[in-house]
Structure formats: structure tokens, C-alpha cells
$ cat query.cif   # mmCIF, C-alpha atoms; chains and numbers go by the auth columns
data_coords
#
loop_
_atom_site.group_PDB
_atom_site.id
_atom_site.type_symbol
_atom_site.label_atom_id
_atom_site.label_comp_id
_atom_site.label_asym_id
_atom_site.label_seq_id
_atom_site.Cartn_x
_atom_site.Cartn_y
_atom_site.Cartn_z
_atom_site.B_iso_or_equiv
_atom_site.auth_seq_id
_atom_site.auth_asym_id
ATOM 1 C CA MET A 1 -211.153 181.017 106.535 0.00 186 A
ATOM 2 C CA SER A 2 -211.685 181.146 102.782 0.00 187 A
ATOM 3 C CA VAL A 3 -207.894 181.363 102.274 0.00 188 A
ATOM 4 C CA LEU A 4 -207.405 178.153 104.270 0.00 189 A
ATOM 5 C CA ARG A 5 -210.240 176.453 102.409 0.00 190 A
ATOM 6 C CA GLY A 6 -208.715 177.557 99.096 0.00 191 A
ATOM 7 C CA PHE A 7 -205.273 176.260 100.106 0.00 192 A
ATOM 8 C CA VAL A 8 -206.654 172.903 101.257 0.00 193 A
ATOM 9 C CA ASN A 9 -208.812 172.456 98.151 0.00 194 A
ATOM 10 C CA THR A 10 -205.930 173.415 95.835 0.00 195 A
ATOM 11 C CA ILE A 11 -203.544 170.935 97.451 0.00 196 A
ATOM 12 C CA ASN A 12 -206.250 168.272 97.394 0.00 197 A
ATOM 13 C CA ALA A 13 -206.909 168.944 93.709 0.00 198 A
ATOM 14 C CA VAL A 14 -203.204 168.756 92.824 0.00 199 A
ATOM 15 C CA ASN A 15 -202.732 165.441 94.641 0.00 200 A
ATOM 16 C CA ASP A 16 -205.965 164.079 93.157 0.00 201 A
ATOM 17 C CA TRP A 17 -204.715 165.008 89.679 0.00 202 A
ATOM 18 C CA VAL A 18 -201.305 163.397 90.321 0.00 203 A
ATOM 19 C CA GLY A 19 -202.983 160.256 91.678 0.00 204 A
ATOM 20 C CA ASP A 20 -205.303 160.044 88.683 0.00 205 A
ATOM 21 C CA LYS A 21 -202.426 160.368 86.224 0.00 206 A
ATOM 22 C CA LEU A 22 -200.254 157.875 88.113 0.00 207 A
ATOM 23 C CA ALA A 23 -202.997 155.274 87.820 0.00 208 A
ATOM 24 C CA TYR A 24 -202.119 155.013 84.121 0.00 209 A
ATOM 25 C CA PHE A 25 -198.598 153.876 85.075 0.00 210 A
ATOM 26 C CA LEU A 26 -200.174 150.557 86.049 0.00 211 A
ATOM 27 C CA PHE A 27 -201.012 149.895 82.412 0.00 212 A
ATOM 28 C CA GLY A 28 -197.385 150.590 81.519 0.00 213 A
ATOM 29 C CA PHE A 29 -196.177 148.094 84.148 0.00 214 A
ATOM 30 C CA PHE A 30 -198.594 145.501 82.887 0.00 215 A
ATOM 31 C CA VAL A 31 -197.510 145.890 79.254 0.00 216 A
ATOM 32 C CA LEU A 32 -193.793 145.933 80.092 0.00 217 A
ATOM 33 C CA ILE A 33 -193.957 142.891 82.356 0.00 218 A
ATOM 34 C CA LEU A 34 -196.145 140.993 79.894 0.00 219 A
ATOM 35 C CA LEU A 35 -193.698 141.870 77.110 0.00 220 A
ATOM 36 C CA GLN A 36 -190.727 140.781 79.214 0.00 221 A
ATOM 37 C CA VAL A 37 -192.360 137.457 80.108 0.00 222 A
ATOM 38 C CA MET A 38 -193.290 136.779 76.484 0.00 223 A
ATOM 39 C CA LEU A 39 -189.851 137.668 75.190 0.00 224 A
ATOM 40 C CA ARG A 40 -188.106 135.611 77.867 0.00 225 A
ATOM 41 C CA TYR A 41 -190.227 132.467 77.973 0.00 226 A
ATOM 42 C CA VAL A 42 -191.884 132.327 74.559 0.00 227 A
ATOM 43 C CA PHE A 43 -189.122 133.662 72.321 0.00 228 A
ATOM 44 C CA ASN A 44 -186.144 132.959 74.628 0.00 229 A
ATOM 45 C CA ALA A 45 -184.962 136.539 74.016 0.00 230 A
ATOM 46 C CA PRO A 46 -185.033 138.497 77.313 0.00 231 A
ATOM 47 C CA THR A 47 -184.385 142.225 77.314 0.00 232 A
ATOM 48 C CA VAL A 48 -182.626 144.453 79.796 0.00 233 A
ATOM 49 C CA TRP A 49 -184.620 147.564 79.024 0.00 234 A
ATOM 50 C CA ALA A 50 -188.135 146.220 79.725 0.00 235 A
ATOM 51 C CA SER A 51 -187.332 145.120 83.279 0.00 236 A
ATOM 52 C CA GLU A 52 -185.344 148.252 84.022 0.00 237 A
ATOM 53 C CA LEU A 53 -188.027 150.567 82.636 0.00 238 A
ATOM 54 C CA ALA A 54 -190.744 148.752 84.624 0.00 239 A
ATOM 55 C CA GLN A 55 -188.686 149.166 87.815 0.00 240 A
ATOM 56 C CA MET A 56 -188.143 152.857 87.113 0.00 241 A
ATOM 57 C CA LEU A 57 -191.819 153.487 86.384 0.00 242 A
ATOM 58 C CA PHE A 58 -192.806 151.602 89.520 0.00 243 A
ATOM 59 C CA GLY A 59 -190.321 153.623 91.588 0.00 244 A
ATOM 60 C CA ALA A 60 -191.810 156.883 90.318 0.00 245 A
ATOM 61 C CA TYR A 61 -195.318 155.538 90.871 0.00 246 A
ATOM 62 C CA VAL A 62 -194.599 154.588 94.488 0.00 247 A
ATOM 63 C CA VAL A 63 -192.945 157.827 95.602 0.00 248 A
ATOM 64 C CA LEU A 64 -195.217 160.217 93.729 0.00 249 A
ATOM 65 C CA SER A 65 -198.419 158.564 94.954 0.00 250 A
ATOM 66 C CA GLY A 66 -197.704 159.333 98.631 0.00 251 A
ATOM 67 C CA GLY A 67 -199.581 162.650 98.687 0.00 252 A
ATOM 68 C CA HIS A 68 -202.627 161.164 96.993 0.00 253 A
ATOM 69 C CA ILE A 69 -202.621 158.177 99.343 0.00 254 A
ATOM 70 C CA LEU A 70 -202.495 160.551 102.324 0.00 255 A
ATOM 71 C CA ARG A 71 -205.371 162.492 100.788 0.00 256 A
ATOM 72 C CA VAL A 72 -207.637 159.438 100.504 0.00 257 A
ATOM 73 C CA GLY A 73 -206.548 157.966 103.853 0.00 258 A
ATOM 74 C CA GLY A 74 -204.765 154.958 102.392 0.00 259 A
ATOM 75 C CA HIS A 75 -201.656 154.932 104.588 0.00 260 A
ATOM 76 C CA VAL A 76 -201.333 152.289 107.283 0.00 261 A
ATOM 77 C CA ASN A 77 -202.921 153.088 110.641 0.00 262 A
ATOM 78 C CA VAL A 78 -202.941 151.224 113.928 0.00 263 A
ATOM 79 C CA ASP A 79 -206.697 151.204 114.322 0.00 264 A
ATOM 80 C CA ILE A 80 -207.080 149.405 117.644 0.00 265 A
ATOM 81 C CA ILE A 81 -207.805 152.638 119.530 0.00 266 A
ATOM 82 C CA TYR A 82 -207.899 155.201 116.714 0.00 267 A
ATOM 83 C CA SER A 83 -210.974 153.728 114.998 0.00 268 A
ATOM 84 C CA ARG A 84 -212.999 154.033 118.206 0.00 269 A
ATOM 85 C CA LEU A 85 -212.315 157.747 118.633 0.00 270 A
ATOM 86 C CA SER A 86 -214.609 160.567 117.579 0.00 271 A
ATOM 87 C CA SER A 87 -213.591 162.706 114.612 0.00 272 A
ATOM 88 C CA ARG A 88 -212.316 165.325 117.076 0.00 273 A
ATOM 89 C CA GLY A 89 -210.266 162.692 118.940 0.00 274 A
ATOM 90 C CA LYS A 90 -208.808 161.380 115.672 0.00 275 A
ATOM 91 C CA ALA A 91 -207.912 164.920 114.642 0.00 276 A
ATOM 92 C CA LEU A 92 -206.190 165.525 117.984 0.00 277 A
ATOM 93 C CA ILE A 93 -204.114 162.340 117.618 0.00 278 A
ATOM 94 C CA ASP A 94 -203.242 163.318 114.038 0.00 279 A
ATOM 95 C CA ILE A 95 -202.109 166.769 115.175 0.00 280 A
ATOM 96 C CA CYS A 96 -199.855 165.242 117.837 0.00 281 A
ATOM 97 C CA THR A 97 -198.309 162.742 115.425 0.00 282 A
ATOM 98 C CA SER A 98 -197.897 165.337 112.677 0.00 283 A
ATOM 99 C CA VAL A 99 -194.568 166.324 114.253 0.00 284 A
ATOM 100 C CA LEU A 100 -193.146 162.923 113.302 0.00 285 A
ATOM 101 C CA PHE A 101 -194.754 163.125 109.871 0.00 286 A
ATOM 102 C CA PHE A 102 -193.209 166.513 109.084 0.00 287 A
ATOM 103 C CA LEU A 103 -189.848 165.396 110.474 0.00 288 A
ATOM 104 C CA PHE A 104 -189.903 162.405 108.112 0.00 289 A
ATOM 105 C CA CYS A 105 -190.962 164.581 105.173 0.00 290 A
ATOM 106 C CA GLY A 106 -188.276 167.145 105.965 0.00 291 A
ATOM 107 C CA LEU A 107 -185.581 164.477 106.002 0.00 292 A
ATOM 108 C CA LEU A 108 -186.947 163.009 102.778 0.00 293 A
ATOM 109 C CA LEU A 109 -186.905 166.439 101.184 0.00 294 A
ATOM 110 C CA VAL A 110 -183.380 167.342 102.357 0.00 295 A
ATOM 111 C CA TYR A 111 -181.659 164.024 101.718 0.00 296 A
ATOM 112 C CA GLY A 112 -183.723 163.101 98.665 0.00 297 A
ATOM 113 C CA GLY A 113 -183.137 166.562 97.230 0.00 298 A
ATOM 114 C CA SER A 114 -179.409 166.291 97.853 0.00 299 A
ATOM 115 C CA MET A 115 -179.282 162.869 96.223 0.00 300 A
ATOM 116 C CA ALA A 116 -181.312 164.113 93.244 0.00 301 A
ATOM 117 C CA TRP A 117 -179.105 167.189 92.863 0.00 302 A
ATOM 118 C CA ASP A 118 -175.933 165.067 92.887 0.00 303 A
ATOM 119 C CA SER A 119 -177.493 162.743 90.329 0.00 304 A
ATOM 120 C CA VAL A 120 -178.418 165.643 88.032 0.00 305 A
ATOM 121 C CA MET A 121 -174.963 167.212 88.351 0.00 306 A
ATOM 122 C CA GLN A 122 -173.333 163.912 87.341 0.00 307 A
ATOM 123 C CA LEU A 123 -175.986 163.107 84.720 0.00 308 A
ATOM 124 C CA GLU A 124 -176.120 159.726 86.445 0.00 309 A
ATOM 125 C CA THR A 125 -177.030 156.643 84.438 0.00 310 A
ATOM 126 C CA SER A 126 -178.028 153.157 85.524 0.00 311 A
ATOM 127 C CA GLY A 127 -174.735 151.498 84.629 0.00 312 A
ATOM 128 C CA SER A 128 -176.548 148.563 83.041 0.00 313 A
ATOM 129 C CA ALA A 129 -176.242 147.428 79.437 0.00 314 A
ATOM 130 C CA TRP A 130 -179.078 149.830 78.593 0.00 315 A
ATOM 131 C CA ASP A 131 -177.411 152.615 80.636 0.00 316 A
ATOM 132 C CA VAL A 132 -180.499 154.809 80.837 0.00 317 A
ATOM 133 C CA PRO A 133 -180.338 158.150 82.724 0.00 318 A
ATOM 134 C CA VAL A 134 -181.652 157.781 86.287 0.00 319 A
ATOM 135 C CA TYR A 135 -181.532 161.420 87.363 0.00 320 A
ATOM 136 C CA PRO A 136 -185.099 162.104 86.152 0.00 321 A
ATOM 137 C CA LEU A 137 -186.276 159.272 88.391 0.00 322 A
ATOM 138 C CA LYS A 138 -184.309 160.621 91.355 0.00 323 A
ATOM 139 C CA LEU A 139 -185.876 164.056 90.827 0.00 324 A
ATOM 140 C CA THR A 140 -189.238 162.485 91.676 0.00 325 A
ATOM 141 C CA ILE A 141 -188.088 162.010 95.289 0.00 326 A
ATOM 142 C CA PRO A 142 -187.981 165.698 96.323 0.00 327 A
ATOM 143 C CA LEU A 143 -191.061 166.392 94.187 0.00 328 A
ATOM 144 C CA ALA A 144 -192.911 163.601 95.986 0.00 329 A
ATOM 145 C CA ALA A 145 -191.728 164.937 99.347 0.00 330 A
ATOM 146 C CA LEU A 146 -193.141 168.376 98.472 0.00 331 A
ATOM 147 C CA LEU A 147 -196.486 166.879 97.448 0.00 332 A
ATOM 148 C CA LEU A 148 -196.544 164.945 100.706 0.00 333 A
ATOM 149 C CA VAL A 149 -195.618 167.996 102.818 0.00 334 A
ATOM 150 C CA PHE A 150 -198.318 170.129 101.219 0.00 335 A
ATOM 151 C CA GLN A 151 -200.928 167.382 101.634 0.00 336 A
ATOM 152 C CA GLY A 152 -199.798 167.010 105.261 0.00 337 A
ATOM 153 C CA LEU A 153 -200.268 170.751 105.776 0.00 338 A
ATOM 154 C CA ALA A 154 -203.740 170.551 104.247 0.00 339 A
ATOM 155 C CA LYS A 155 -204.605 167.658 106.572 0.00 340 A
ATOM 156 C CA LEU A 156 -203.170 169.517 109.574 0.00 341 A
ATOM 157 C CA ILE A 157 -205.330 172.563 108.781 0.00 342 A
ATOM 158 C CA VAL A 158 -208.453 170.403 108.565 0.00 343 A
ATOM 159 C CA ASP A 159 -207.504 168.593 111.798 0.00 344 A
ATOM 160 C CA ILE A 160 -206.940 171.869 113.682 0.00 345 A
ATOM 161 C CA CYS A 161 -210.283 173.185 112.446 0.00 346 A
ATOM 162 C CA THR A 162 -211.951 169.932 113.553 0.00 347 A
ATOM 163 C CA VAL A 163 -210.471 170.171 117.061 0.00 348 A
ATOM 164 C CA LEU A 164 -211.510 173.818 117.321 0.00 349 A
ATOM 165 C CA GLY A 165 -215.015 172.981 116.102 0.00 350 A
ATOM 166 C CA VAL A 166 -214.673 175.210 113.058 0.00 351 A
ATOM 167 C CA GLU A 167 -216.420 173.960 109.941 0.00 352 A
ATOM 168 C CA ILE A 168 -214.173 174.060 106.871 0.00 353 A
ATOM 169 C CA GLU A 169 -215.752 172.860 103.652 0.00 354 A
ATOM 170 C CA VAL A 170 -213.298 170.819 101.646 0.00 355 A
ATOM 171 C CA ARG A 171 -213.878 168.714 98.598 0.00 356 A
ATOM 172 C CA LYS A 172 -214.101 165.073 99.659 0.00 357 A
ATOM 173 C CA PRO A 173 -211.885 162.534 97.896 0.00 358 A
ATOM 174 C CA GLU A 174 -213.506 159.917 95.741 0.00 359 A
ATOM 175 C CA LYS A 175 -214.152 156.910 97.922 0.00 360 A
ATOM 176 C CA VAL A 176 -211.886 153.958 97.280 0.00 361 A
ATOM 177 C CA THR A 177 -213.772 150.834 98.218 0.00 362 A
ATOM 178 C CA SER A 178 -212.112 147.719 99.484 0.00 363 A
ATOM 179 C CA LYS A 179 -213.373 144.157 99.390 0.00 364 A
ATOM 180 C CA GLU A 180 -214.342 144.399 103.054 0.00 365 A
ATOM 181 C CA GLU A 181 -216.505 147.472 102.465 0.00 366 A
ATOM 182 C CA SER A 182 -218.292 145.942 99.488 0.00 367 A
ATOM 183 C CA LEU A 183 -219.271 142.764 101.379 0.00 368 A
#

$ encode --input "query.cif" --output "C-alpha cells"
Amino acid sequence: MSVLRGFVNTINAVNDWVGDKLAYFLFGFFVLILLQVMLRYVFNAPTVWASELAQMLFGAYVVLSGGHILRVGGHVNVDIIYSRLSSRGKALIDICTSVLFFLFCGLLLVYGGSMAWDSVMQLETSGSAWDVPVYPLKLTIPLAALLLVFQGLAKLIVDICTVLGVEIEVRKPEKVTSKEESL
């Protein structure tokens, strides 16, 4: 049991670390978009690179944050029935639907990895006036898929233990509060 607990806590820690570091990307978006707006509307001198870099950073942010979002329970759920279930019932539903989750992640890993590999082999660039390399961005897709698969495995382990009534101590994620919860 300690091996499973160690695996789950390690995966949780990795995705927490990635999520914490990705949060700083938001400051980069803000600065780049503010710069682009100022250059375009105040100085009438728009740039290609600021918009393109903001899009690339946002793309990396979105795909790499998937594991962390799964960790903190931020993905979309249909809560009509699910929210009324016990923790054991929720875990059972999550185990049943994990087949679809791992199928999606497998396809993302295979096809995203293939696309990233082709991009690296061609040293693909954006083709814009800035012509920045895009293969580093495309490499985030299989990396994100791996983070998501491992977080899914960690969740599956916890769900199986919950259904079996086995207590597995895992580090809880920091609670993200919404407006509804703070009211």
C-alpha cells in the first residue's frame, strides 16, 4: 500500500508543481497582450511577434495544465446525478468512465506524439513574418498527455481504494475557491 501511496503522492506533487509554474504564464499573457494593445492603438505600430508569442504561451498553458486541473477536480462534470452520490458511488462511476479517459489520453499521446515528432524532424516554424520555431510548442502535447495519463492513474488508484474501502492517505490539493463557494 505504501508503494501506491508513494506513486499517487509523487504524481500529485509533479502536477501540483507544473500547475504552480504554469500560473506564472498568465503574467506573460497579460504583459504581451497589454504591450500589443499599446503598440497597436497608442503608437499605431502593431507587432507580429507579441500576438504570436501570446498564442504560443497560451497553447502551452492550456495543454500542460490538464493534469493539474484533473488533480484539483476542475474538469467539467455533469453533476445532476454525480453530486448526489456518496464518495464510493462517485469513485465507482469514475472507474467505469476511466476507460474513455484513458482511450482519449492514449489517442492524444499517439497522435500528438507523432505530430510533435514530425515537427521536430522538420524543425517546423510558424511560417509568419516572425517565423518562430513551433516544434517546442508541439512537444508539449505528448508531455501533457503523459502528465494527464499519470494523474489519471493516480486518480484511478484512489478510486479503486475508495470502492474497496481501503484508506489511502494522499496529500490533498490546495482548495481552489469559486465565487459560489465564497458567498

$ resolve_selection --input "query.cif" --expression "the PyMOL selection byres ((chain A and resi 249) around 8)" --output "PyMOL selection string"
chain A and resi 203+207+245-248+250-252+325-326+328-329+332

$ closest_residue --input "query.cif" --among "A:Asp279, A:Glu237, A:Asp344, A:Asp205" --to "Pro358 (chain A)" --atoms "all atoms listed in the file"
A:Asp205

$ axis_aligned_box --input "query.cif" --around "region 344-348 of chain A" --padding-each-side "6 Å" --output "lines of an AutoDock Vina configuration file"
center_x = -209.4
center_y = 170.9
center_z = 114.4
size_x = 17.0
size_y = 16.6
size_z = 17.3

$ residues_around --input "query.cif" --residues "Glu309 (chain A)" --least-positions-apart "2" --cutoff "6 Å" --atoms "all atoms listed in the file" --output "ChimeraX atom specification"
/A:304,307,318-320

$ resolve_selection --input "query.cif" --expression "the PyMOL selection byres ((chain A and resi 288-294) around 9)" --output "list in words"
Ser283, Val284, Leu285, Phe286, Phe287, Val295, Tyr296, Gly297, Gly298, Ser299, Ile326, Pro327, Leu328, Ala329, Ala330, Leu331, Leu333 and Val334 of chain A

$ decode --input "query.cif" --residues "region 244-263 of chain A" --atoms "N, CA and C atoms" --output "mmCIF file, in the first residue's frame"
data_model
loop_
_atom_site.group_PDB
_atom_site.id
_atom_site.type_symbol
_atom_site.label_atom_id
_atom_site.label_comp_id
_atom_site.auth_asym_id
_atom_site.auth_seq_id
_atom_site.Cartn_x
_atom_site.Cartn_y
_atom_site.Cartn_z
ATOM 1 N N GLY A 244 -1.220 28.323 -25.658
ATOM 2 C CA GLY A 244 -1.351 26.931 -26.090
ATOM 3 C C GLY A 244 -0.639 25.981 -25.139
ATOM 4 N N ALA A 245 0.591 26.334 -24.765
ATOM 5 C CA ALA A 245 1.343 25.504 -23.819
ATOM 6 C C ALA A 245 0.640 25.469 -22.459
ATOM 7 N N TYR A 246 0.161 26.617 -22.030
ATOM 8 C CA TYR A 246 -0.542 26.724 -20.756
ATOM 9 C C TYR A 246 -1.760 25.796 -20.723
ATOM 10 N N VAL A 247 -2.548 25.821 -21.786
ATOM 11 C CA VAL A 247 -3.782 25.036 -21.830
ATOM 12 C C VAL A 247 -3.488 23.536 -21.793
ATOM 13 N N VAL A 248 -2.583 23.067 -22.653
ATOM 14 C CA VAL A 248 -2.368 21.617 -22.714
ATOM 15 C C VAL A 248 -1.630 21.099 -21.489
ATOM 16 N N LEU A 249 -0.659 21.845 -20.995
ATOM 17 C CA LEU A 249 0.120 21.354 -19.864
ATOM 18 C C LEU A 249 -0.631 21.418 -18.537
ATOM 19 N N SER A 250 -1.685 22.210 -18.456
ATOM 20 C CA SER A 250 -2.415 22.333 -17.200
ATOM 21 C C SER A 250 -3.438 21.216 -16.988
ATOM 22 N N GLY A 251 -3.642 20.349 -17.966
ATOM 23 C CA GLY A 251 -4.655 19.306 -17.865
ATOM 24 C C GLY A 251 -4.483 18.388 -16.665
ATOM 25 N N GLY A 252 -3.267 17.940 -16.400
ATOM 26 C CA GLY A 252 -3.020 17.055 -15.259
ATOM 27 C C GLY A 252 -3.318 17.734 -13.941
ATOM 28 N N HIS A 253 -2.920 18.991 -13.823
ATOM 29 C CA HIS A 253 -3.172 19.735 -12.585
ATOM 30 C C HIS A 253 -4.672 19.973 -12.405
ATOM 31 N N ILE A 254 -5.355 20.274 -13.486
ATOM 32 C CA ILE A 254 -6.804 20.505 -13.397
ATOM 33 C C ILE A 254 -7.521 19.215 -12.989
ATOM 34 N N LEU A 255 -7.068 18.073 -13.508
ATOM 35 C CA LEU A 255 -7.637 16.797 -13.080
ATOM 36 C C LEU A 255 -7.366 16.576 -11.595
ATOM 37 N N ARG A 256 -6.186 16.926 -11.168
ATOM 38 C CA ARG A 256 -5.792 16.755 -9.765
ATOM 39 C C ARG A 256 -6.703 17.529 -8.820
ATOM 40 N N VAL A 257 -7.032 18.774 -9.176
ATOM 41 C CA VAL A 257 -7.845 19.604 -8.278
ATOM 42 C C VAL A 257 -9.336 19.492 -8.561
ATOM 43 N N GLY A 258 -9.716 18.641 -9.527
ATOM 44 C CA GLY A 258 -11.129 18.423 -9.823
ATOM 45 C C GLY A 258 -11.772 19.558 -10.595
ATOM 46 N N GLY A 259 -11.013 20.185 -11.473
ATOM 47 C CA GLY A 259 -11.508 21.345 -12.206
ATOM 48 C C GLY A 259 -12.106 21.053 -13.564
ATOM 49 N N HIS A 260 -12.062 19.806 -14.023
ATOM 50 C CA HIS A 260 -12.654 19.482 -15.321
ATOM 51 C C HIS A 260 -14.173 19.470 -15.222
ATOM 52 N N VAL A 261 -14.825 19.634 -16.329
ATOM 53 C CA VAL A 261 -16.285 19.722 -16.374
ATOM 54 C C VAL A 261 -16.908 18.372 -16.019
ATOM 55 N N ASN A 262 -17.908 18.411 -15.171
ATOM 56 C CA ASN A 262 -18.680 17.238 -14.784
ATOM 57 C C ASN A 262 -20.154 17.511 -15.037
ATOM 58 N N VAL A 263 -20.899 16.462 -15.317
ATOM 59 C CA VAL A 263 -22.357 16.567 -15.343
ATOM 60 C C VAL A 263 -22.804 16.163 -13.946
#
